[in-house]
Structures are given as C-alpha cells and as structure tokens.
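Reproduced below: coords-v8.cif, with mmCIF, C-alpha atoms.
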data_entry
#
loop_
_atom_site.label_atom_id
_atom_site.label_comp_id
_atom_site.auth_asym_id
_atom_site.auth_seq_id
_atom_site.Cartn_x
_atom_site.Cartn_y
_atom_site.Cartn_z
CA MET A 529 0.00 0.00 0.00
CA THR A 530 1.40 3.41 -0.92
CA ASP A 531 1.61 6.24 1.56
CA LYS A 532 -1.09 8.03 -0.37
CA ALA A 533 -3.44 5.09 -0.13
CA ALA A 534 -2.72 4.73 3.58
CA HIS A 535 -3.36 8.40 4.29
CA LYS A 536 -6.38 9.10 6.36
CA THR A 537 -8.00 12.47 6.75
CA ARG A 538 -8.48 13.80 10.26
CA LEU A 539 -12.21 13.42 9.79
CA GLU A 540 -11.70 9.73 8.97
CA ARG A 541 -9.70 9.31 12.17
CA ILE A 542 -12.52 10.95 14.12
CA LEU A 543 -15.28 8.95 12.46
CA GLY A 544 -13.45 5.64 12.34
CA VAL A 545 -14.80 5.00 8.84
CA PRO A 546 -13.55 6.12 5.40
CA LEU A 547 -14.99 9.06 3.52
CA ALA A 548 -16.47 8.49 0.09
CA GLU A 549 -14.46 10.41 -2.55
CA GLY A 550 -17.47 12.64 -3.13
CA ALA A 551 -18.29 13.12 0.53
CA VAL A 552 -19.84 16.41 1.56
CA ARG A 553 -18.95 18.06 4.88
CA GLN A 554 -21.19 20.81 6.16
CA TRP A 555 -20.86 23.36 8.92
CA PRO A 556 -24.27 24.87 9.65
CA GLN A 557 -22.87 27.45 12.07
CA SER A 558 -20.95 29.24 9.31
CA GLY A 559 -23.13 28.10 6.40
CA GLU A 560 -20.13 26.39 4.78
CA LEU A 561 -20.05 23.20 2.75
CA ILE A 562 -16.97 21.36 1.51
CA ARG A 563 -17.42 18.98 -1.37
CA GLY A 564 -15.10 16.01 -1.81
CA ARG A 565 -12.61 14.10 0.33
CA ALA A 566 -9.61 15.91 -1.18
CA ARG A 567 -10.94 19.35 -0.28
CA ILE A 568 -11.93 18.16 3.18
CA ASP A 569 -8.33 17.00 3.64
CA GLU A 570 -6.97 20.31 2.29
CA VAL A 571 -9.01 22.48 4.66
CA GLU A 572 -8.10 20.26 7.64
CA SER A 573 -4.39 20.62 6.85
CA HIS A 574 -4.60 24.33 7.75
CA PHE A 575 -5.38 23.51 11.38
CA VAL A 576 -1.99 22.70 12.84
CA GLY A 577 -1.11 21.92 16.42
CA LEU A 578 -4.54 20.94 17.52
CA ARG A 579 -5.15 18.11 19.95
CA LEU A 580 -8.22 15.96 19.96
CA GLY A 581 -9.91 13.09 21.69
CA VAL A 582 -12.71 10.91 20.41
CA GLY A 583 -15.19 10.25 23.16
CA ARG A 584 -18.15 8.18 22.05
CA ARG A 585 -19.21 6.75 18.72
CA LEU A 586 -22.88 5.86 18.38
CA ALA A 587 -24.09 3.94 15.34
CA PHE A 588 -27.50 2.90 14.11
CA GLY A 589 -28.63 2.01 10.62
CA GLU A 590 -26.77 4.25 8.17
CA THR A 591 -25.99 6.88 10.79
CA LEU A 592 -22.86 7.43 12.85
CA VAL A 593 -22.67 10.03 15.61
CA VAL A 594 -19.34 10.94 17.20
CA GLU A 595 -18.83 13.05 20.30
CA TRP A 596 -15.31 14.40 20.34
CA THR A 597 -13.17 17.09 21.89
CA THR A 598 -10.70 19.58 20.41
CA ASP A 599 -8.16 21.96 21.85
CA TYR A 600 -7.06 24.37 19.10
CA GLY A 601 -4.03 25.40 21.11
CA ASP A 602 -5.41 27.84 23.66
CA GLY A 603 -6.39 25.22 26.23
CA ARG A 604 -10.13 25.68 25.76
CA LEU A 605 -11.89 22.40 25.12
CA TYR A 606 -14.53 22.39 22.40
CA ARG A 607 -17.05 19.58 22.88
CA ASN A 608 -18.12 18.75 19.34
CA VAL A 609 -20.64 16.42 17.81
CA THR A 610 -20.45 15.06 14.27
CA ILE A 611 -23.22 13.24 12.45
CA ALA A 612 -22.31 11.13 9.42
CA ASP A 613 -24.65 9.58 6.88
CA LEU A 614 -23.15 6.33 5.61
CA ARG A 615 -23.49 4.33 2.44
CA ASP A 616 -21.72 1.00 1.96
CA GLY A 617 -19.63 1.68 5.06
CA LYS A 618 -18.35 5.08 3.88
CA ALA A 619 -19.42 8.52 5.02
CA ILE A 620 -21.17 10.41 2.23
CA ARG A 621 -22.44 13.40 4.20
CA VAL A 622 -21.02 14.75 7.43
CA THR A 623 -22.38 17.54 9.61
CA ASP A 624 -20.16 19.02 12.32
CA TYR A 625 -21.28 21.13 15.25
CA TRP A 626 -18.56 22.96 17.18
CA GLY A 627 -19.43 23.23 20.85
CA GLU A 628 -17.56 26.17 22.33
CA PRO A 629 -17.06 25.89 26.08
CA PHE A 630 -19.10 28.17 28.33
CA THR A 631 -19.15 29.00 32.01
CA PRO A 632 -21.98 27.37 33.96
CA PRO A 633 -24.53 30.12 34.58
CA ALA A 634 -24.86 31.12 38.23
CA TRP A 635 -28.66 31.10 38.13
CA ARG A 636 -28.78 27.32 37.82
CA GLU A 637 -25.97 26.31 40.17
CA THR A 638 -28.42 24.84 42.70
CA LEU A 639 -29.86 22.55 40.00
CA ALA A 640 -26.64 21.40 38.37
CA GLU A 641 -23.94 18.99 39.44
CA ARG A 642 -20.46 18.76 38.05
CA LEU A 643 -20.27 16.43 35.08
CA ASP A 644 -17.58 13.81 35.57
CA MET A 645 -15.21 13.89 32.59
CA THR A 646 -12.85 10.94 32.54
CA PRO A 647 -10.15 9.98 29.98
CA ALA A 648 -12.16 6.96 28.80
CA GLY A 649 -15.52 8.75 28.83
CA ALA A 650 -17.45 10.73 26.22
CA TRP A 651 -15.64 13.99 27.06
CA PRO A 652 -11.93 13.41 27.63
CA PRO A 653 -10.06 15.97 29.77
CA THR A 654 -7.15 17.99 28.38
CA GLU A 655 -4.47 15.50 29.46
CA ALA A 656 -6.17 12.73 27.48
CA LEU A 657 -6.08 14.62 24.14
CA ILE A 658 -3.60 13.61 21.46
CA GLY A 659 -1.88 15.84 18.91
CA ASP A 660 -3.35 15.42 15.44
CA MET B 307 -41.52 0.15 22.29
CA GLU B 308 -41.93 0.50 18.55
CA ASP B 309 -39.77 3.07 16.77
CA GLN B 310 -42.87 4.91 15.56
CA ASN B 311 -44.09 5.30 19.13
CA VAL B 312 -40.72 6.74 20.17
CA ARG B 313 -40.72 9.04 17.18
CA ASP B 314 -44.23 10.24 18.08
CA ALA B 315 -43.12 10.91 21.66
CA ILE B 316 -40.12 12.89 20.38
CA ASP B 317 -42.35 14.94 18.07
CA ARG B 318 -44.72 15.70 20.98
CA HIS B 319 -41.69 16.69 23.10
CA TRP B 320 -40.36 19.19 20.57
CA THR B 321 -43.80 20.58 19.77
CA ALA B 322 -44.43 21.17 23.48
CA SER B 323 -40.98 22.70 23.84
CA ALA B 324 -41.67 25.11 20.98
CA ASP B 325 -45.06 25.94 22.52
CA GLY B 326 -43.60 26.52 25.98
CA ASP B 327 -45.74 23.73 27.49
CA LEU B 328 -43.27 22.61 30.16
CA GLU B 329 -45.36 19.81 31.66
CA LYS B 330 -45.99 18.16 28.31
CA GLU B 331 -42.40 18.76 27.18
CA HIS B 332 -41.05 16.80 30.13
CA GLU B 333 -43.42 13.82 29.88
CA ILE B 334 -40.77 12.12 27.76
CA TYR B 335 -38.30 11.85 30.68
CA HIS B 336 -37.92 9.06 33.16
CA ASP B 337 -38.20 10.38 36.74
CA ALA B 338 -34.51 9.54 37.25
CA ALA B 339 -33.36 10.97 33.91
CA ILE B 340 -30.10 12.88 33.63
CA CYS B 341 -29.30 15.68 31.21
CA ASP B 342 -25.68 16.54 30.42
CA TYR B 343 -24.23 19.79 29.10
CA PRO B 344 -20.64 18.87 28.22
CA GLN B 345 -19.66 22.38 27.10
CA SER B 346 -20.18 23.76 30.60
CA GLY B 347 -19.48 20.49 32.44
CA GLU B 348 -22.94 20.41 34.01
CA ARG B 349 -25.20 17.45 34.79
CA ILE B 350 -28.85 17.85 35.78
CA SER B 351 -30.28 14.86 37.64
CA GLY B 352 -33.96 14.02 37.75
CA ARG B 353 -36.90 15.00 35.59
CA ARG B 354 -38.07 17.60 38.13
CA ASN B 355 -34.71 19.38 38.10
CA ILE B 356 -34.52 19.29 34.30
CA GLN B 357 -37.97 20.86 34.09
CA GLU B 358 -37.16 23.35 36.86
CA LEU B 359 -34.02 24.45 35.05
CA ARG B 360 -35.86 25.05 31.78
CA ALA B 361 -38.67 26.87 33.59
CA HIS B 362 -36.12 29.35 34.97
CA HIS B 363 -34.03 29.82 31.86
CA PRO B 364 -33.75 33.61 31.50
CA ALA B 365 -33.50 33.61 27.70
CA LYS B 366 -36.89 32.96 26.16
CA PRO B 367 -36.62 31.54 22.65
CA SER B 368 -38.28 33.46 19.84
CA GLY B 369 -38.23 30.56 17.39
CA PHE B 370 -37.77 26.83 17.25
CA GLN B 371 -37.23 24.57 14.27
CA VAL B 372 -36.46 20.86 14.12
CA SER B 373 -34.09 20.10 11.22
CA ARG B 374 -33.76 16.34 11.47
CA VAL B 375 -34.65 13.44 13.76
CA LEU B 376 -32.67 10.22 13.38
CA GLY B 377 -32.85 7.10 15.47
CA ARG B 378 -33.64 3.53 16.11
CA GLY B 379 -34.50 1.51 19.19
CA ASP B 380 -33.31 3.30 22.33
CA LEU B 381 -31.04 5.86 20.65
CA TRP B 382 -32.37 9.02 18.99
CA ILE B 383 -30.71 12.19 17.72
CA THR B 384 -32.39 15.51 17.00
CA GLU B 385 -30.80 18.44 15.17
CA TYR B 386 -32.73 21.65 15.78
CA ILE B 387 -32.38 25.39 15.82
CA ILE B 388 -33.42 27.62 18.72
CA ASN B 389 -33.64 31.35 18.08
CA TYR B 390 -32.65 33.61 20.94
CA GLN B 391 -33.29 37.28 20.17
CA GLY B 392 -33.09 36.55 16.45
CA LYS B 393 -29.80 34.66 16.69
CA PRO B 394 -29.94 30.96 15.81
CA SER B 395 -28.31 28.45 18.10
CA PHE B 396 -27.78 25.10 16.40
CA THR B 397 -28.55 22.37 18.88
CA VAL B 398 -28.06 18.62 18.95
CA SER B 399 -29.88 16.37 21.40
CA ILE B 400 -28.80 12.78 21.95
CA MET B 401 -31.53 10.84 23.74
CA GLU B 402 -31.04 7.39 25.22
CA PHE B 403 -34.29 5.66 26.15
CA ARG B 404 -35.08 2.99 28.69
CA ASP B 405 -38.54 1.42 28.93
CA GLY B 406 -39.93 4.03 26.55
CA LYS B 407 -38.68 7.09 28.48
CA VAL B 408 -35.54 9.20 28.14
CA MET B 409 -33.01 8.11 30.75
CA HIS B 410 -30.07 10.16 29.48
CA GLU B 411 -29.98 13.22 27.26
CA THR B 412 -26.88 15.05 26.08
CA GLN B 413 -27.24 18.49 24.53
CA TYR B 414 -24.77 20.45 22.43
CA PHE B 415 -25.26 24.14 21.61
CA ALA B 416 -23.45 25.61 18.60
CA ASP B 417 -23.55 29.33 17.87
CA LEU B 418 -23.19 31.08 14.53
CA PHE B 419 -19.74 32.15 13.37
CA GLU B 420 -18.48 33.96 10.32
CA ALA B 421 -16.92 31.82 7.60
CA PRO B 422 -13.21 32.73 7.46
CA ALA B 423 -11.91 34.15 4.20
CA TRP B 424 -8.79 31.93 4.05
CA ARG B 425 -10.76 28.83 3.13
CA ALA B 426 -13.26 30.42 0.77
CA ARG B 427 -11.59 28.86 -2.29
CA TRP B 428 -12.45 25.33 -1.10
CA VAL B 429 -15.88 26.04 0.34
CA GLU B 430 -19.42 26.53 -0.95
CA GLN B 431 -22.37 28.02 0.86
CA ILE B 432 -25.01 25.70 2.27
CA LYS B 433 -28.19 26.32 0.35
#

Step by step, read the file and then write its structure as structure tokens.
Amino acid sequence: MTDKAAHKTRLERILGVPLAEGAVRQWPQSGELIRGRARIDEVESHFVGLRLGVGRRLAFGETLVVEWTTDYGDGRLYRNVTIADLRDGKAIRVTDYWGEPFTPPAWRETLAERLDMTPAGAWPPTEALIGD
Amino acid sequence: MEDQNVRDAIDRHWTASADGDLEKEHEIYHDAAICDYPQSGERISGRRNIQELRAHHPAKPSGFQVSRVLGRGDLWITEYIINYQGKPSFTVSIMEFRDGKVMHETQYFADLFEAPAWRARWVEQIK
C-alpha cells in the first residue's frame, strides 16, 4: 500500500470509517459546505497543532454520531458532535457542530452537578487529548 | 416500544418545547433521567430538576425549528435550531431511552460564526 493510499484524513480518524471520494462536509454554524474528500483534507491541513480526543461513537442504521473534543491550542476544550450519513460503510455526508465551552450560569448552580469527565468517557479531559 | 411510538413521543416533546408547554415537554423523561451539558461540564439529575431548570431559563426563545430526527431503538438524535433574540443556536440532542422514556440526554449548543476568508476557495455556501 502506498503512503497516499494509507493516508487518512483527520475526519476519517474521528469517524473511524472512510470518507467516500465525493463526501460532503457541512458546517451549519458558518453556512459552509466542503465537497469532496480531497478538499476536506486540504481544509483540515490548515489547522496545525490541535489536539483531539474521540469520546463516544454511536451507530445505528446508516448513521454514525461521534462526540469528540478539540483543543485548538489555547487550552479551551470544544465539545463537538459530528453526524455522518453512511453508504456501503463510507461517510457520504457529514455535519459538524462545534461546541464552544461556556461557564456554567450562576442562576442554575443549585440545580446542576459537576459532570464527571474521565479519559475513557465521552468527554476526555485535556491530558487525554492527542496531537493530530 | 416501537420506533414509531418513540418518534411520536419525540415529536410531541419538541412541539411542546416550541409551545412553551413545560409539563408536556417533560413527559418524555424518566423520573430519574439525567441531562448533560458537556460544554459547561454540568449534569442535571432528575426529571423535576430538568424541568425546573428550563422553567427558569432567563433567555426565552423566539423561534424553534427541528431540522432532522434520526434514530432507532433506544437511541435518537435531533438536530434543531433555537432562536434567541433573532440569533440561531444550532442544537443537537442525543436521547437514550429505557422502557420508553428518556433516561439520558446530552445536549450540544453551537452558535453562529463567520466563515473565514482563508478557506473560501475550497468552500461553498449551504443552500
């Protein structure tokens, strides 16, 4: 297998399944859509030095949902969720939602507990992230 | 519980949520349900506390639109948009059911951001 054939995009590492060559990746928050695996790979290559951790992958039928975490380099942990539509085991359409961290609002502190975030859980802590 | 029954319960839940009918909105939860907000590291335990929290939320939504509901068996995902003061917040709910009621929900909230110019050459606009 050549290096090119072995290459995986970051999105493929997150999803754990290959992208179809014509896969579409969409970002509703910015209204952007990237068409094709090669362009997806190109755009990803501009994010250097980030660290990520895949938390939980949920699959049913032709749908795959991945909860994952990114640190873009400033120490803030984005808790993201990605939904992939599959066909023949490959992702053909992927929708990413970027979950920026926020401070728990004071008004609900009596109703909320602290969510336990363990290295093996759905939301890995900073020390469990790996450079990608 | 048949998938169609779950789907109907989810539709009733979101309709009630859009209508501000708190009691009906929370019928979908098991009494011991938990709701997690990973972005803030918060967990809300118990249907009463989940309902109480939403009853006291200071930001009242001005719009609500379900984009997509996907699921099977005990696992269901909803993508929806809540408008707060005219600004859309893209939201994902992951619901895990037990005995026909939601036992665990995880919610992600994703705000608008401006598409950066550097990647415009590779990107189209979502229609």

Residue nearest Ala324 in chain B - candidates B:Gln371, B:Gly379, B:Ser346, B:Phe419, atoms counted: only C-alpha atoms: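 Of all the options, B:Gln371 lies closest to Ala324 in chain B.
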
Each residue of chain B lying at most 9 Å from chain A should get a row with its shortest atom-to-atom pair and the distance in Å to one decimal, counting only C-alpha atoms; could you produce that, ordered by chain and increasing number, as a Markdown table?
| residue | atom | partner | partner_atom | distance |
| --- | --- | --- | --- | --- |
| B:Asp342 | CA | A:Leu643 | CA | 7.1 |
| B:Tyr343 | CA | A:Leu643 | CA | 7.9 |
| B:Pro344 | CA | A:Arg607 | CA | 6.5 |
| B:Gln345 | CA | A:Pro629 | CA | 4.5 |
| B:Ser346 | CA | A:Phe630 | CA | 5.1 |
| B:Gly347 | CA | A:Leu643 | CA | 4.9 |
| B:Glu348 | CA | A:Leu643 | CA | 4.9 |
| B:Arg349 | CA | A:Leu643 | CA | 5.0 |
| B:Ile350 | CA | A:Ala640 | CA | 4.9 |
| B:Ser351 | CA | A:Ala640 | CA | 7.5 |
| B:Asn355 | CA | A:Leu639 | CA | 6.1 |
| B:Ile356 | CA | A:Leu639 | CA | 8.1 |
| B:Glu358 | CA | A:Leu639 | CA | 8.0 |
| B:Leu359 | CA | A:Arg636 | CA | 6.6 |
| B:His362 | CA | A:Arg636 | CA | 8.1 |
| B:His363 | CA | A:Arg636 | CA | 8.3 |
| B:Pro364 | CA | A:Trp635 | CA | 8.7 |
| B:Leu376 | CA | A:Thr591 | CA | 7.9 |
| B:Gly377 | CA | A:Phe588 | CA | 6.9 |
| B:Arg378 | CA | A:Phe588 | CA | 6.5 |
| B:Gly379 | CA | A:Phe588 | CA | 8.8 |
| B:Leu381 | CA | A:Phe588 | CA | 8.0 |
| B:Ile383 | CA | A:Val593 | CA | 8.6 |
| B:Pro394 | CA | A:Gln557 | CA | 8.7 |
| B:Ser395 | CA | A:Gln557 | CA | 8.2 |
| B:Phe396 | CA | A:Gln557 | CA | 7.0 |
| B:Thr397 | CA | A:Tyr625 | CA | 8.2 |
| B:Val398 | CA | A:Val609 | CA | 7.8 |
| B:Tyr414 | CA | A:Gly627 | CA | 6.2 |
| B:Phe415 | CA | A:Gly627 | CA | 5.9 |
| B:Ala416 | CA | A:Gly627 | CA | 5.2 |
| B:Asp417 | CA | A:Gln557 | CA | 6.1 |
| B:Leu418 | CA | A:Gln557 | CA | 4.4 |
| B:Phe419 | CA | A:Ser558 | CA | 5.1 |
| B:Glu420 | CA | A:Ser558 | CA | 5.4 |
| B:Ala421 | CA | A:Ser558 | CA | 5.1 |
| B:Pro422 | CA | A:Ser558 | CA | 8.7 |
| B:Arg425 | CA | A:Val571 | CA | 6.8 |
| B:Ala426 | CA | A:Glu560 | CA | 8.9 |
| B:Trp428 | CA | A:Arg567 | CA | 6.2 |
| B:Val429 | CA | A:Ile562 | CA | 4.9 |
| B:Glu430 | CA | A:Leu561 | CA | 5.0 |
| B:Gln431 | CA | A:Glu560 | CA | 4.8 |
| B:Ile432 | CA | A:Gly559 | CA | 5.1 |
| B:Lys433 | CA | A:Gly559 | CA | 8.1 |

Residues matched by the PyMOL selection byres ((chain A and resi 549) around 9) as a ChimeraX atom specification: /A:547-548,550-551,564-566,620

Near-Leu543 in chain A list (10 Å; only C-alpha atoms; drop same-chain fewer than 5 positions) as a PyMOL selection string: chain A and resi 537-538+582+585+592-596+610-612+618-619+622

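Picture a line from CA of Phe403 in chain B to CA of Leu328 in chain B; it runs 19.6 Å.
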
Could you state which residues are captured by the PyMOL selection byres ((chain B and resi 309) around 10) in this file, as a PDB file with C-alpha atoms, keeping the file's coordinate frame?
ATOM      1  CA  MET B 307     -41.520   0.150  22.290  1.00  0.00           C
ATOM      2  CA  GLU B 308     -41.930   0.500  18.550  1.00  0.00           C
ATOM      3  CA  GLN B 310     -42.870   4.910  15.560  1.00  0.00           C
ATOM      4  CA  ASN B 311     -44.090   5.300  19.130  1.00  0.00           C
ATOM      5  CA  VAL B 312     -40.720   6.740  20.170  1.00  0.00           C
ATOM      6  CA  ARG B 313     -40.720   9.040  17.180  1.00  0.00           C
ATOM      7  CA  ASP B 314     -44.230  10.240  18.080  1.00  0.00           C
ATOM      8  CA  ALA B 315     -43.120  10.910  21.660  1.00  0.00           C
ATOM      9  CA  GLY B 377     -32.850   7.100  15.470  1.00  0.00           C
ATOM     10  CA  ARG B 378     -33.640   3.530  16.110  1.00  0.00           C
ATOM     11  CA  GLY B 379     -34.500   1.510  19.190  1.00  0.00           C
ATOM     12  CA  ASP B 380     -33.310   3.300  22.330  1.00  0.00           C
ATOM     13  CA  LEU B 381     -31.040   5.860  20.650  1.00  0.00           C
ATOM     14  CA  TRP B 382     -32.370   9.020  18.990  1.00  0.00           C
ATOM     15  CA  GLY B 406     -39.930   4.030  26.550  1.00  0.00           C
TER      16      GLY B 406
END

Nearest-residue call for Gly369 in chain B, choices B:Cys341, B:Gly392, B:Gln357, B:Tyr335, using all atoms listed in the file: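 Of the candidates, the smallest distance to Gly369 in chain B is held by B:Gly392.
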
Gap from CA of Tyr386 in chain B to CA of Asp613 in chain A - Å, one decimal: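 So the answer is 17.0 Å.
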
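Here CA of Arg354 in chain B stands at a distance of 27.3 Å from CA of Arg584 in chain A.
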
Residue IDs satisfying the PyMOL selection byres ((chain B and resi 330) around 12), as number ranges by chain: B: 315-329, 331-335, 357

Selected residue of minimal separation from Gln413 in chain B among B:His336, B:Arg427, B:Ser373, B:Glu385, counting all atoms listed in the file: B:Glu385

Might I get the box with edges along x, y and z of the file that holds all atoms of range 547-556 of chain A listed there, padded by 5 Å on every side, given as centre and edge lengths in Å to one decimal, as JSON?
{"center_x": -19.4, "center_y": 16.7, "center_z": 3.3, "size_x": 19.8, "size_y": 26.4, "size_z": 22.8}

Selection: 9 Å around Val545 in chain A, all atoms listed in the file, excl. self and same-chain fewer than 3 positions, as a PyMOL selection string: chain A and resi 539-542+617-619

Among listed residues A:Phe575, A:Arg604, A:Pro652, A:Asp660, nearest Trp424 in chain B (using all atoms listed in the file): A:Phe575
